[in-house]
Every structure is written in structure tokens, then in C-alpha cells.
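Notes for the one structure printed next.
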Amino acid sequence: MKLRKVLTGALASAVAVASMSVAASATLYVPDSGIAAGTSIGTGMWLVQVFNVGNEAENKPATDYGIDVESITKIEFKVTPHDYDEATFDSSLDGGYGGGIVMSCNGGDLGDDQSRNWNSLQFWGIGEQTATDQPGILEEEGNGVWSIAWDVPEEYRFVTGAGCCQIAFQEWGNSFVDLEVLSLACYDASGNVVISFDGLGNVTSGASNDTAADDTAADDTAADDTAADDTTADTTADTTTDTTTTTTGDKTTPDTGVEGVAAVAGLAIVATGAVIVSKKRK
């Protein structure tokens, strides 16, 4: 009887620990409303259309801000833990963020060429906790704000005539605190802002011609961010596997917590077997 109690207690502890590890998987903060047309925000990805000929099937409106997409040579995101509180946030415990920033260009004149489709710069950790094997770095700016910038290689930049030009921020880290996208800025080779967006996908500078008003904010909810969005291209021309520019990390998809659940199930089987043996020997 004592052995049974011990095993039962051990199993309960294992389940509790595993549940905590699953719950620690960070996600992106998803606003309740106000998301701009051409922008989708889900728990695993924040994505904005910089240009799109329009794809009603994927809920992506025709988008043309009148900018030269080929002039974009660098992108920069600013992010923060949602409802950041300096007094309670511990970067060594709560800063286990990881993911990537994405440039994706496909369709239109590119035809079947997928070389510019879904290229990313990956990162893991913030500030001093940044993993040394990750080329992307979340640089601390103060007051809970971090930035990550990518000087995009020429072979991965947007091309005029493409049917879709989009930029995304992905998160699949290991923190208890949701990460919120504050802004995205796109720069030219001289360091000038070509176009910028706030955390809801509203243009804050650079646009001269906004034709994305045929979509509504209500359409751009977390429901639009499907699992397919996180791993494949986002237009009808997307028929091949995504290309990744930097894959030094060991994570290429968002955490699902399946491993933790499987571990708990395994512990349960082992413990149950031990209890049965105990009964037989009694």
C-alpha cells in the first residue's frame, strides 16, 4: 500500500511539472480588435502585406501603398512583453523568446521561382540571454522594448512584379509572458524609412497610395492565422516548400506541447504498470 501511495504521488508531481512546461510555451499577443486590413495576427505569427495583387481565398486584400518594394533592404521589428512590468519581469526566467522574422515574395512575374519565398532570420533569447548560435538578436532598448533588425541579402529581397510581398514575425519560444509586436519599419540602402507599420498593421509612414480598404478589420483575426501559414507560402503560387536563410536553431515550427503530453502519458503507463505489479506481489 505504501508503494502505491508513493507511485501515485510521483505521478501527480510529474503531471504537474509537465503541465507547467507546456504552459510555458510563449505566444504572440493577439489584439481583440482594430487590426488593419492586410494584416493578420495569430498566436504564432504577425504578418502584414506590403504588396498583394489580392487573394480572396486567403482573405488577403489587394494592397498597394505606392512604394518601391525593391528599395527595401532592411527590416526591423520592435517588440515587448505584453503588459510589461519592470518590477515583476525577470529576463532570465521570462525572456525565453524565440522565432524568426520573415521576408516572403512570390507569385506574379516570379512564376514558379520560389527562391524568395519565406526566407527568415531566426533568433532565440533576449539581450545577454541570446543564443550564440542564432544570427538574429533581440537588442534591448530599455523599458521592456527589444528590437531585431535584418539586413536582407539581395537574393531574398522583394521584386517588382511579384504577386505577393509580405513580412512576418514568428514566435515559438518558451516564456510565460506573451510577446507583443509594437512596430515594423522597412528601410532603403540609405537608411531612410520606405514604409512602417504599428502593432496593428496600420501604416505610420511612407505610404502614398493605400488601396487596401476593401477588407475589414473584423476579417483579420487570429482565425486567419492557420498552421499552414506558419510553414508555407501565402499565395496561390505557393506550391513548394518554404526556403529558410538561417536555420542554425533546432526549432522551425511553433511549439505545440505534444512532446510534454507524450512524456506524461509515458509516465502514467510506467506508474500504472508498477502499481499492478505491487498488487500482484501483495
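Chain lettering (A, B, ...) mirrors the order of the C-alpha cells, residue numbering begins at 1 for each chain separately, and ligand numbering begins at 1 in order of display.
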
For segment 118-169 of chain A versus segment 64-79 of chain A, which residues have an atom no more than 10 Å away, and what is each residue's nearest atom pair and distance in Å rounded to one decimal, using only C-alpha atoms, chain-then-number order, as CSV?
residue,atom,partner,partner_atom,distance
A:Leu138,CA,A:Val79,CA,8.8
A:Glu139,CA,A:Lys78,CA,9.3
A:Glu140,CA,A:Lys78,CA,9.8
A:Glu141,CA,A:Lys78,CA,9.2
A:Gly144,CA,A:Val79,CA,8.4
A:Val145,CA,A:Val79,CA,5.8
A:Trp146,CA,A:Val79,CA,5.4
A:Ser147,CA,A:Lys78,CA,4.3
A:Ile148,CA,A:Phe77,CA,5.4
A:Ala149,CA,A:Glu76,CA,4.1
A:Trp150,CA,A:Ile75,CA,5.5
A:Asp151,CA,A:Lys74,CA,4.5
A:Val152,CA,A:Lys74,CA,5.5
A:Pro153,CA,A:Thr73,CA,7.6
A:Glu154,CA,A:Thr73,CA,7.5
A:Tyr156,CA,A:Thr73,CA,9.4
A:Arg157,CA,A:Thr73,CA,6.8
A:Phe158,CA,A:Glu70,CA,5.3
A:Val159,CA,A:Glu70,CA,5.4
A:Thr160,CA,A:Glu70,CA,6.2
A:Gly161,CA,A:Val69,CA,9.6
A:Ala162,CA,A:Val69,CA,9.8
A:Cys165,CA,A:Val69,CA,8.0
A:Ile167,CA,A:Ile75,CA,8.6
A:Ala168,CA,A:Phe77,CA,9.5
A:Phe169,CA,A:Phe77,CA,7.9

For the residues selected in the previous step, produce a file with N, CA and C atoms as an mmCIF file, in the first residue's frame.
data_model
loop_
_atom_site.group_PDB
_atom_site.id
_atom_site.type_symbol
_atom_site.label_atom_id
_atom_site.label_comp_id
_atom_site.auth_asym_id
_atom_site.auth_seq_id
_atom_site.Cartn_x
_atom_site.Cartn_y
_atom_site.Cartn_z
ATOM 1 N N LEU A 138 17.706 39.908 -30.419
ATOM 2 C CA LEU A 138 16.754 40.853 -29.843
ATOM 3 C C LEU A 138 17.551 41.823 -28.975
ATOM 4 N N GLU A 139 17.788 43.010 -29.503
ATOM 5 C CA GLU A 139 18.588 44.015 -28.810
ATOM 6 C C GLU A 139 17.719 44.800 -27.827
ATOM 7 N N GLU A 140 18.199 44.965 -26.613
ATOM 8 C CA GLU A 140 17.443 45.692 -25.596
ATOM 9 C C GLU A 140 17.527 47.200 -25.823
ATOM 10 N N GLU A 141 16.369 47.860 -25.800
ATOM 11 C CA GLU A 141 16.320 49.306 -25.965
ATOM 12 C C GLU A 141 15.913 50.021 -24.676
ATOM 13 N N GLY A 144 11.645 47.419 -21.323
ATOM 14 C CA GLY A 144 10.974 46.230 -21.833
ATOM 15 C C GLY A 144 10.793 46.185 -23.327
ATOM 16 N N VAL A 145 11.486 47.026 -24.067
ATOM 17 C CA VAL A 145 11.374 47.029 -25.530
ATOM 18 C C VAL A 145 12.655 46.446 -26.127
ATOM 19 N N TRP A 146 12.468 45.516 -27.065
ATOM 20 C CA TRP A 146 13.596 44.950 -27.786
ATOM 21 C C TRP A 146 13.364 45.112 -29.280
ATOM 22 N N SER A 147 14.448 45.183 -30.022
ATOM 23 C CA SER A 147 14.349 45.312 -31.475
ATOM 24 C C SER A 147 15.200 44.239 -32.131
ATOM 25 N N ILE A 148 14.772 43.827 -33.303
ATOM 26 C CA ILE A 148 15.551 42.881 -34.095
ATOM 27 C C ILE A 148 15.530 43.369 -35.538
ATOM 28 N N ALA A 149 16.712 43.495 -36.137
ATOM 29 C CA ALA A 149 16.834 44.023 -37.495
ATOM 30 C C ALA A 149 17.529 43.013 -38.399
ATOM 31 N N TRP A 150 17.200 43.084 -39.673
ATOM 32 C CA TRP A 150 17.794 42.170 -40.660
ATOM 33 C C TRP A 150 18.169 42.957 -41.907
ATOM 34 N N ASP A 151 19.472 42.983 -42.207
ATOM 35 C CA ASP A 151 19.933 43.498 -43.495
ATOM 36 C C ASP A 151 19.735 42.377 -44.499
ATOM 37 N N VAL A 152 18.662 42.461 -45.247
ATOM 38 C CA VAL A 152 18.226 41.344 -46.090
ATOM 39 C C VAL A 152 19.172 41.166 -47.282
ATOM 40 N N PRO A 153 19.700 39.961 -47.473
ATOM 41 C CA PRO A 153 20.547 39.704 -48.641
ATOM 42 C C PRO A 153 19.801 40.011 -49.936
ATOM 43 N N GLU A 154 20.514 40.492 -50.927
ATOM 44 C CA GLU A 154 19.881 40.925 -52.173
ATOM 45 C C GLU A 154 19.033 39.831 -52.807
ATOM 46 N N TYR A 156 17.177 37.740 -51.498
ATOM 47 C CA TYR A 156 15.931 37.462 -50.793
ATOM 48 C C TYR A 156 14.988 38.666 -50.742
ATOM 49 N N ARG A 157 15.356 39.751 -51.355
ATOM 50 C CA ARG A 157 14.544 40.970 -51.284
ATOM 51 C C ARG A 157 13.331 40.894 -52.217
ATOM 52 N N PHE A 158 12.397 41.842 -52.014
ATOM 53 C CA PHE A 158 11.201 41.912 -52.841
ATOM 54 C C PHE A 158 11.551 42.266 -54.278
ATOM 55 N N VAL A 159 10.704 41.795 -55.185
ATOM 56 C CA VAL A 159 10.889 42.054 -56.608
ATOM 57 C C VAL A 159 9.633 42.704 -57.172
ATOM 58 N N THR A 160 9.791 43.800 -57.897
ATOM 59 C CA THR A 160 8.657 44.440 -58.556
ATOM 60 C C THR A 160 8.035 43.466 -59.546
ATOM 61 N N GLY A 161 6.732 43.357 -59.524
ATOM 62 C CA GLY A 161 6.041 42.428 -60.416
ATOM 63 C C GLY A 161 5.615 41.156 -59.730
ATOM 64 N N ALA A 162 6.098 40.921 -58.513
ATOM 65 C CA ALA A 162 5.655 39.752 -57.748
ATOM 66 C C ALA A 162 4.205 39.945 -57.334
ATOM 67 N N CYS A 165 4.095 40.406 -51.634
ATOM 68 C CA CYS A 165 5.272 40.795 -50.854
ATOM 69 C C CYS A 165 4.795 40.976 -49.413
ATOM 70 N N ILE A 167 5.725 40.517 -44.941
ATOM 71 C CA ILE A 167 6.729 40.442 -43.885
ATOM 72 C C ILE A 167 6.054 39.902 -42.628
ATOM 73 N N ALA A 168 6.764 39.025 -41.915
ATOM 74 C CA ALA A 168 6.156 38.387 -40.752
ATOM 75 C C ALA A 168 7.123 38.312 -39.572
ATOM 76 N N PHE A 169 6.528 38.195 -38.398
ATOM 77 C CA PHE A 169 7.276 37.947 -37.161
ATOM 78 C C PHE A 169 6.691 36.679 -36.552
#

Please provide as a compact mmCIF listing (two decimals) with C-alpha atoms, in the first residue's frame all residues within 12 Å of Gly163 of chain A, with the sequence filter that same-chain residues fewer than 4 positions apart are discarded (counting only C-alpha atoms).
# COMPACT_ATOMS: atom_id res chain seq x y z
CA GLN A 49 1.02 42.62 -46.68
CA VAL A 50 3.43 45.15 -48.13
CA PHE A 51 2.05 44.47 -51.60
CA ASN A 52 -0.52 41.99 -52.87
CA VAL A 53 -2.47 41.68 -56.10
CA GLY A 54 -5.27 40.26 -53.95
CA ASN A 55 -6.24 36.76 -52.90
CA LYS A 60 -5.76 38.90 -48.36
CA PRO A 61 -6.95 42.13 -49.98
CA ALA A 62 -5.41 43.88 -52.94
CA THR A 63 -2.74 46.05 -51.34
CA ASP A 64 -0.67 48.77 -53.00
CA VAL A 69 9.22 47.41 -52.87
CA SER A 104 8.41 36.47 -48.46
CA CYS A 105 7.97 37.34 -52.13
CA ASN A 106 6.28 35.10 -54.67
CA GLY A 107 3.71 34.84 -57.47
CA GLY A 108 3.22 37.20 -60.39
CA ASP A 109 6.27 37.62 -62.61
CA LEU A 110 8.26 35.21 -60.42
CA GLY A 111 6.26 32.30 -61.78
CA ASP A 112 7.47 29.04 -60.29
CA ASN A 117 9.63 32.69 -50.73
CA PHE A 158 11.20 41.91 -52.84
CA VAL A 159 10.89 42.05 -56.61
CA ALA A 233 3.88 30.43 -48.67
CA ASP A 234 0.73 32.50 -48.60
CA THR A 235 -0.45 32.94 -52.17
CA THR A 236 -1.90 30.66 -54.82
CA ALA A 237 1.54 30.44 -56.39
CA ASP A 238 2.91 28.71 -53.28

**Message:** as a ChimeraX atom specification, please: the residues near Thr43 of chain A (cut-off 7 Å, only C-alpha atoms, same-chain neighbours under 4 positions excluded).
**Reply:** /A:27-30

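What separates atom CA of Gly98 of chain A from atom CA of Asn174 of chain A is a distance of 7.4 Å.
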
**Prompt:** Mind pulling up the distance from atom CA of Thr132 of chain A to atom CA of Gln114 of chain A?
**Reply:**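 Pair atom CA of Gln114 of chain A / atom CA of Thr132 of chain A returns 29.5 Å.
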
**Request:** Can you pull out every residue within 8 Å of Trp46 of chain A, counting only C-alpha atoms, but drop anything in the same chain fewer than 2 positions away, and send it as a list in words?
**Result:**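 Residues near the query, excluding close chain neighbours: Leu28, Thr39, Ser40, Ile41, Gly42, Gly44, Val48, Ala168, Phe169, Gln170 and Val181 of chain A.
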
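Comparing the minimum interatomic distances between Thr130 of chain A and each of A:Gly99, A:Asn143, A:Ala57, A:Ser208, counting only C-alpha atoms, we find that A:Gly99 sits nearest.
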
**Request:** Quick one: pull the distance between atom CA of Asn202 of chain A and atom CA of Leu182 of chain A, Å, one decimal.
**Result:** 11.0 Å
